[in-house]
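One structure below.
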Amino acid sequence: MSVIDSDGLLEVRGLRTVFDTRAGRVCAVDGVDVSVRRGECLGVVGESGSGKSVTFASVMGLIKAPGHIDAGDICFDGQNLRQLSVKQMRAIRGRDIAMTMQDALTALNPALTVGEQLAEMMIAHDQSLPRNKRERRRLVEQKSVDILQLVGIPSAKSRLQQYPHEFSGGMRQRIMIAISLASHPRLLIADEPTTALDVTIQAQVLELISDLRAKLGMSVVLITHDLGVVSEHCDRVMVMYAGQVVEEGPTESVIRNPQHPYTRGLLGSIPRISKRGEPIQPIDGQVPDLIDLPAQCRFYSRCQQRSDACLKYIQMTTLSQDRKVRCVLAEETAHD
Amino acid sequence: MSLTRVIERLLQLIPVLLGVSLIVFIMMAFTPGDPVDIMIGDQNVSAEQEAAMRRDLGLDRPIHERYVIFLGNAVQGDFGQSFYHRRPVSEVIVERLPATIELTLVALLIALFTSIPLGVIAAIKKNSWIDRSATVFSLLGVSLPGFWFGILLLMVFAVHFNLLPVSGRISYSNQVEPITHFLLIDTLLRGRLDAFWEALKHILLPAITLGLPMTAILTRVTRTSMLEVLRQDYVTFAEAKGLSRRKVMFRHALKNALIPTVSVAAIETGSLLGGNMIVETVFGWPGLGRLVVESIFVRNYPLVQAAVLFYAVTYVMLNFTADILYTKLNPRVKL
C-alpha cells in the first residue's frame, strides 16, 4: 500500500474527512489515496458530492468546522502536512500548493483591485522582496504585470488598477490563475476551473493551464466532472464516487477500457456525435447518503451488474502497476 | 460622483423642505395652546395689550398668510425672531449647535467603536457566549427607552457611585475661552487637560445613552453581514493564498462586511438627532435638542420651524453621505 513513489510530489494515504452534522457524521472522504507526480496532470472526476473537492480542500488544510480530517497522512514533498503548525501550513499554502476555485467572480474579492490581490500573494510568500516600500512596490508591480501577461491579459499594467467586476468571465479566470501562480507553486489544484465558463473560453483556459504547467514545470490536479476535459489534458485520472476512489489509472487506459461500472456509466452518459440518434444513457439513481454507510459497494444501488458479492467492503484491486479499481468484478478477474 | 449628481441631490432638497415646513407649520398651528397666552401667564393684561403683542409677533394674520410670509423670509435666510429670546432664530440655533454636534459625534464614535468589534467577534465566534451576549445586548439596546436608560445611568454612576456629573457640559469654574465651541477640542487647544477631563466626564453618560440604540443596531448589522461575507468564496480563496488570519479577516472580510454597516450608520445618525431631544433633556445638555423641546412647550413657533428645517436638511445630507460612502467602499456601485 504505502510504496512511496520517488517521483511523488503529493502522497495522500487513507484520508478520511468527516463533517459532524445534526443528522449524524457525514463521511465526505473515506480512505482516499492520492499520488501526484512531479510535472504530471492528474484528473479527478466524479459527480457533485463525490468528495473530490473535499479531498483537496483537506490537502490545503481548508476544512472548516463542523468538518475535520479524521485520519490519514498528507505528504507533500516528503513533509507530512498534518503535523505542521497552522503557521507552517499557511506558509505552504499559496507558496507551494496553490488553488483556483470554480467561479472567479466569487473567488476574487470585489472590493480590492486585481493589482492588490496579486500583490498581497507575492508579499505574503516572497521573502526576497526588498524591504524598502517604494522599491518593493515597483518590483511587485513589475512581477504582477509579467504574470498577467503570462496568462494572456492584454495591457496588463493599466488593468492592475481595475476591480474584478470590470473583467469578462474568461479574463477573471485567467486573473485567478495568475494569482495562484504568483509565487510559482509546485502544485496547482484547479477546482473545476472551467465550469463557470463558455465552451470556447473553457478550451482557452485549459490550454493556458496546460501551457503553464509545461513552462513552469509544476504538477496540476484538475478537478472536474467532465471526462472530455480529462481525456484531453490529464496524464492520469482518478474517478471518485461517494467519498471513495473507485478507479485510477493512465487516462487513455481508463477511458478506453473502463473497469468500474460507474466509470463506464460516466463515459456512457457523454453525448457523442458518433452515437448520434442513440439516446444518451444516464446513470439511474442518486449518490447515497454519506451518513452511516453500510460496508458494501457504494455504487451497489445504481449498478446494473450488482450481485450479492458486492455486499461486503470492497478493496481496491491493483490490475497492473498503474491501474486500480474498486469492484468485485475486477477482483475476480485479477484472481483468475 | 459627478457634479450633476450633486446638483440633482441638492435640488431634491427643495420639495423635501417645502413639505416639511408645511407640515410643521400646520402641526404647530393646530396644537392646542397659544404663545401669547403662555407669555402672559397670570399677569393682568388688557385686551389691547394682548392684541398688540399678537400683532407684534405676526400672529394676527391667518395661517396661510403667515406661511407665505415665513417662506418669503426663509428663502432670504431670515427665519424670524425667537418669541422668547427676542433675537434672530438662526442666531439662537447656531449658539446651541456645537453642544449638540459634539454630543452626536461622541455618541457616533462610541457606537462605531463598540458595535463593529462586537459584531465582528460575534460573527467569528458564532454561537459562543460572546455571540449570545451580543445578541442580548442588541435586543436590550433597541428596546430600552432612552429616557429610562439615561436616568438609570445617572442613578448608578452619578448618584450612587458619584463618579460622573449629573448634568451640563462642564462646570462653571472650568469654562474655557471658546475657539471651535467644541469643548473637548477647545480645552485641549487651550492646554487645559483638567478641563478636558471634566468635559469628557460630562459627555460620557449622555453620549452612551444617545448611542445605545445605534450601537445595538450596528452590532446586529455587522454580525449578519460579517457572517455572510465569511461564507464567500473570496474569503476561502484568501485563505488558500496563505494570507495571515489578520489579513483575511480585515482586508478581505471586514472591508466587504462594513458596506451595509456604514450605510446604516450614516442613516442612523439622522435618528440620533431625534434621540438628542430626549437625551439632552434628561442630562440637562445645553444643545439644540433641549432648545427645541423647550420651544415646543412655549409654542415658540419660529424656532421650532427653523430647527425642524435644519433637521430635515441634515437628514437628507446624511443620506447623501451614506450614498457616497457606499460607492467608496463598494467599487461595483457607481452613482
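So you can find residues: chains in the C-alpha cells are A, B, ... in the order shown, residues in each start at 1, and ligands are numbered from 1 in order.
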Any chance you could tabulate, as a Markdown table, the residues of chain A at most 10 Å from chain B with each one's nearest atom pair and distance in Å to one decimal, using only C-alpha atoms, in chain and rising number order?
```
| residue | atom | partner | partner_atom | distance |
| --- | --- | --- | --- | --- |
| A:Ala57 | CA | B:Ala240 | CA | 9.0 |
| A:Met60 | CA | B:Ala240 | CA | 7.0 |
| A:Gly61 | CA | B:Ala240 | CA | 8.6 |
| A:Leu62 | CA | B:Ala240 | CA | 7.2 |
| A:Ile63 | CA | B:Thr236 | CA | 9.9 |
| A:Lys64 | CA | B:Thr236 | CA | 9.9 |
| A:Lys87 | CA | B:Ser244 | CA | 8.4 |
| A:Gln88 | CA | B:Gly242 | CA | 9.8 |
| A:Met89 | CA | B:Gly242 | CA | 8.0 |
| A:Arg90 | CA | B:Gly242 | CA | 4.7 |
| A:Ala91 | CA | B:Gly242 | CA | 6.0 |
| A:Ile92 | CA | B:Gly242 | CA | 7.2 |
| A:Arg93 | CA | B:Gly242 | CA | 4.7 |
| A:Gly94 | CA | B:Lys241 | CA | 4.2 |
| A:Arg95 | CA | B:Gly242 | CA | 7.4 |
| A:Asp96 | CA | B:Gly242 | CA | 9.9 |
| A:Ile97 | CA | B:Ala240 | CA | 8.7 |
| A:Ala98 | CA | B:Lys241 | CA | 6.8 |
| A:Met99 | CA | B:Ala240 | CA | 6.4 |
| A:Thr100 | CA | B:Phe237 | CA | 7.6 |
| A:Met101 | CA | B:Phe237 | CA | 7.3 |
| A:Gln102 | CA | B:Asp233 | CA | 9.2 |
| A:Asp103 | CA | B:Asp233 | CA | 8.4 |
| A:Ala104 | CA | B:Tyr234 | CA | 8.7 |
| A:Leu105 | CA | B:Tyr234 | CA | 8.8 |
| A:Thr106 | CA | B:Asp233 | CA | 5.5 |
| A:Ala107 | CA | B:Tyr234 | CA | 4.0 |
| A:Leu108 | CA | B:Tyr234 | CA | 5.2 |
| A:Asn109 | CA | B:Tyr234 | CA | 5.3 |
| A:Pro110 | CA | B:Arg332 | CA | 7.4 |
| A:Ala111 | CA | B:Asn330 | CA | 5.9 |
| A:Leu112 | CA | B:His252 | CA | 8.1 |
| A:Thr113 | CA | B:Pro331 | CA | 9.2 |
| A:Gln117 | CA | B:Ala238 | CA | 8.8 |
| A:Leu118 | CA | B:Lys241 | CA | 9.9 |
| A:Glu120 | CA | B:Leu243 | CA | 7.8 |
| A:Met121 | CA | B:Lys241 | CA | 6.3 |
| A:Met122 | CA | B:Lys241 | CA | 9.5 |
| A:Ile123 | CA | B:Leu243 | CA | 9.4 |
| A:Ala124 | CA | B:Leu243 | CA | 6.2 |
| A:His125 | CA | B:Gly242 | CA | 8.0 |
| A:Gln162 | CA | B:Pro331 | CA | 9.5 |
| A:Tyr163 | CA | B:Pro331 | CA | 7.3 |
| A:Pro164 | CA | B:Arg332 | CA | 9.1 |
| A:His165 | CA | B:Arg332 | CA | 6.9 |
| A:Glu166 | CA | B:Arg332 | CA | 8.6 |
| A:Met176 | CA | B:Phe237 | CA | 9.4 |
| A:Ile179 | CA | B:Lys241 | CA | 8.4 |
| A:Ser180 | CA | B:Lys241 | CA | 7.2 |
| A:Ala182 | CA | B:Lys241 | CA | 9.8 |
| A:Ser183 | CA | B:Lys241 | CA | 9.5 |
```
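All residues in stretch 39-156 of chain A with a DSSP state of strand (DSSP E or B), computed from the backbone, read Cys41, Leu42, Gly43, Val44, Val45, Gly67, His68, Ile69, Asp70, Ala71, Gly72, Asp73, Ile74, Cys75, Phe76, Gln79, Asn80, Arg93, Ile97, Ala98, Met99 and Thr100 of chain A.
Taking only C-alpha atoms into account, B:Leu139 lies nearest to B:Ala216 out of the set B:Val221, B:Ile7, B:Ala216, B:Leu22.
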Report task. Could you give me the residues within stretch 184-228 of chain A that DSSP places in alpha helix (DSSP H), as a PyMOL selection string? Result -> chain A and resi 199-216+227-228
Next, write the just-selected residues to a file, as a compact mmCIF listing (two decimals), in the first residue's frame, keeping C-alpha atoms as the atom set.
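result.txt written:
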```
# COMPACT_ATOMS: atom_id res chain seq x y z
CA VAL A 199 -17.21 26.36 -24.11
CA THR A 200 -14.76 28.38 -26.22
CA ILE A 201 -13.34 30.14 -23.16
CA GLN A 202 -13.14 26.76 -21.38
CA ALA A 203 -10.79 25.47 -24.04
CA GLN A 204 -8.62 28.59 -23.79
CA VAL A 205 -8.34 28.39 -20.01
CA LEU A 206 -7.46 24.68 -20.10
CA GLU A 207 -4.90 25.30 -22.82
CA LEU A 208 -3.46 28.02 -20.63
CA ILE A 209 -3.18 25.71 -17.63
CA SER A 210 -1.50 23.03 -19.76
CA ASP A 211 0.92 25.56 -21.25
CA LEU A 212 1.84 26.98 -17.88
CA ARG A 213 2.35 23.52 -16.45
CA ALA A 214 4.86 22.78 -19.19
CA LYS A 215 6.51 26.19 -18.84
CA LEU A 216 6.76 26.25 -15.07
CA LEU A 227 -14.32 13.35 -18.74
CA GLY A 228 -13.79 15.12 -22.04
```
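Distance annotation: of A:Asn132, A:Ala190, A:Leu181, A:Gln244, the residue with the minimal separation from A:Asp146 is A:Leu181; atom set is only C-alpha atoms.
Residue nearest A:Gly46 within the list A:Gln259, A:Met240, A:Ile283, A:Glu247: A:Met240 [criterion: smallest interatomic distance, only C-alpha atoms].
Taking atom CA of A:Pro185 as the reference point, atom CA of A:Ser58 is found at 17.5 Å.
Among the candidates B:Phe297, B:Glu280, B:Leu103, B:Gln175, the one nearest to B:Ile203 when counting only C-alpha atoms is B:Leu103.
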Query raised in the report: Which one of B:Ser167, B:Thr180, B:Thr209, B:Thr219 sits closest to B:Phe137 if you count only C-alpha atoms?
Result: B:Thr219
Report task. Skip B:Trp285 itself and residues of its chain fewer than 3 positions away, then list as a ChimeraX atom specification all residues within 8 Å of it, counting only C-alpha atoms. Result -> /B:99,167-169,279-282,290
Same residues, C-alpha atoms, saved as a PDB file, in the first residue's frame:
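Output contents, as saved in part.pdb:
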```pdb
ATOM      1  CA  ALA B  99     -23.074  71.233  22.004  1.00  0.00           C
ATOM      2  CA  SER B 167     -25.847  67.359  34.063  1.00  0.00           C
ATOM      3  CA  GLY B 168     -24.369  70.087  31.896  1.00  0.00           C
ATOM      4  CA  ARG B 169     -21.344  70.218  29.616  1.00  0.00           C
ATOM      5  CA  VAL B 279     -31.131  62.735  25.992  1.00  0.00           C
ATOM      6  CA  GLU B 280     -30.395  66.457  26.197  1.00  0.00           C
ATOM      7  CA  THR B 281     -33.473  66.949  28.323  1.00  0.00           C
ATOM      8  CA  VAL B 282     -32.585  64.095  30.688  1.00  0.00           C
ATOM      9  CA  ARG B 290     -33.345  70.663  24.525  1.00  0.00           C
TER      10      ARG B 290
END
```
Query - Within 8 Å of B:Ala257 using only C-alpha atoms, minus same-chain residues under 3 positions, as number ranges by chain - result: B: 222, 225-226, 228-229, 253-254, 260-261
Query - Close residues, B:Leu200 itself excluded, 10 Å, only C-alpha atoms, min 3 positions apart in chain, as JSON, numbers by chain - result: {"B": [106, 164, 169, 170, 183, 184, 194, 195, 196, 197, 203, 204, 205]}
With N, CA and C atoms retained, could you export that selection as a PDB file, in the first residue's frame?
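The resulting file, again-v6.pdb, is reproduced below:
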```pdb
ATOM      1  N   VAL B 106     -19.640  62.240  19.541  1.00  0.00           N
ATOM      2  CA  VAL B 106     -19.095  61.318  20.547  1.00  0.00           C
ATOM      3  C   VAL B 106     -19.967  60.052  20.610  1.00  0.00           C
ATOM      4  N   LEU B 164     -19.567  60.357  38.132  1.00  0.00           N
ATOM      5  CA  LEU B 164     -19.727  61.251  36.989  1.00  0.00           C
ATOM      6  C   LEU B 164     -20.756  62.323  37.319  1.00  0.00           C
ATOM      7  N   ARG B 169     -22.468  70.572  30.477  1.00  0.00           N
ATOM      8  CA  ARG B 169     -21.344  70.218  29.616  1.00  0.00           C
ATOM      9  C   ARG B 169     -20.034  70.287  30.375  1.00  0.00           C
ATOM     10  N   ILE B 170     -19.958  71.213  31.297  1.00  0.00           N
ATOM     11  CA  ILE B 170     -18.715  71.414  32.034  1.00  0.00           C
ATOM     12  C   ILE B 170     -19.086  72.277  33.239  1.00  0.00           C
ATOM     13  N   LEU B 183     -16.184  71.707  23.235  1.00  0.00           N
ATOM     14  CA  LEU B 183     -15.426  71.779  24.488  1.00  0.00           C
ATOM     15  C   LEU B 183     -14.265  70.802  24.529  1.00  0.00           C
ATOM     16  N   LEU B 184     -14.475  69.593  23.988  1.00  0.00           N
ATOM     17  CA  LEU B 184     -13.407  68.589  24.051  1.00  0.00           C
ATOM     18  C   LEU B 184     -12.184  69.062  23.276  1.00  0.00           C
ATOM     19  N   ASP B 194      -7.122  69.370  32.662  1.00  0.00           N
ATOM     20  CA  ASP B 194      -8.093  69.140  33.737  1.00  0.00           C
ATOM     21  C   ASP B 194      -9.497  69.441  33.245  1.00  0.00           C
ATOM     22  N   ALA B 195      -9.640  70.545  32.476  1.00  0.00           N
ATOM     23  CA  ALA B 195     -10.952  70.893  31.952  1.00  0.00           C
ATOM     24  C   ALA B 195     -11.411  69.871  30.911  1.00  0.00           C
ATOM     25  N   PHE B 196     -10.452  69.382  30.122  1.00  0.00           N
ATOM     26  CA  PHE B 196     -10.783  68.359  29.127  1.00  0.00           C
ATOM     27  C   PHE B 196     -11.355  67.116  29.806  1.00  0.00           C
ATOM     28  N   TRP B 197     -10.672  66.699  30.846  1.00  0.00           N
ATOM     29  CA  TRP B 197     -11.088  65.523  31.601  1.00  0.00           C
ATOM     30  C   TRP B 197     -12.505  65.716  32.141  1.00  0.00           C
ATOM     31  N   ILE B 203     -19.684  64.419  29.186  1.00  0.00           N
ATOM     32  CA  ILE B 203     -20.307  63.971  27.940  1.00  0.00           C
ATOM     33  C   ILE B 203     -20.528  62.454  27.918  1.00  0.00           C
ATOM     34  N   LEU B 204     -19.837  61.744  28.809  1.00  0.00           N
ATOM     35  CA  LEU B 204     -19.833  60.282  28.730  1.00  0.00           C
ATOM     36  C   LEU B 204     -21.233  59.662  28.812  1.00  0.00           C
ATOM     37  N   LEU B 205     -21.947  59.956  29.881  1.00  0.00           N
ATOM     38  CA  LEU B 205     -23.259  59.315  30.063  1.00  0.00           C
ATOM     39  C   LEU B 205     -24.269  59.705  28.979  1.00  0.00           C
TER      40      LEU B 205
END
```
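Near B:Thr215, within a cut-off of 7 Å and counting only C-alpha atoms, sit the residues B:Ala111, B:Leu112, B:Thr114, B:Ser115, B:Gly211, B:Thr219, with same-chain residues fewer than 4 positions away left out.
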Query - Spatial neighbours of stretch 65-68 of chain B, max dist 8 Å, only C-alpha atoms, sep filter under 4 positions, as a VMD selection string - result: chain B and resid 22 25 58 to 59 61 72
Could those selected residues go to a file with N, CA and C atoms, as a PDB file, in the first residue's frame?
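Contents of selection05.pdb, as written:
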```pdb
ATOM      1  N   LEU B  22     -44.253  72.891   5.627  1.00  0.00           N
ATOM      2  CA  LEU B  22     -45.715  72.988   5.626  1.00  0.00           C
ATOM      3  C   LEU B  22     -46.315  72.151   6.754  1.00  0.00           C
ATOM      4  N   PHE B  25     -45.599  73.694  10.107  1.00  0.00           N
ATOM      5  CA  PHE B  25     -46.408  74.893  10.257  1.00  0.00           C
ATOM      6  C   PHE B  25     -47.828  74.551  10.689  1.00  0.00           C
ATOM      7  N   GLY B  58     -46.769  88.876  14.761  1.00  0.00           N
ATOM      8  CA  GLY B  58     -47.281  88.495  13.439  1.00  0.00           C
ATOM      9  C   GLY B  58     -48.348  87.430  13.513  1.00  0.00           C
ATOM     10  N   LEU B  59     -48.907  87.231  14.703  1.00  0.00           N
ATOM     11  CA  LEU B  59     -49.877  86.142  14.878  1.00  0.00           C
ATOM     12  C   LEU B  59     -51.310  86.591  14.608  1.00  0.00           C
ATOM     13  N   ARG B  61     -52.393  87.549  11.739  1.00  0.00           N
ATOM     14  CA  ARG B  61     -52.789  87.176  10.371  1.00  0.00           C
ATOM     15  C   ARG B  61     -53.242  85.722  10.313  1.00  0.00           C
ATOM     16  N   GLY B  72     -41.295  83.395   2.345  1.00  0.00           N
ATOM     17  CA  GLY B  72     -40.629  84.528   1.692  1.00  0.00           C
ATOM     18  C   GLY B  72     -39.385  84.941   2.452  1.00  0.00           C
TER      19      GLY B  72
END
```
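Closest approach to A:Val220 from the set A:Arg236, A:Gly170, A:Thr263, A:Ala23 is made by A:Arg236, with distances taken over only C-alpha atoms.
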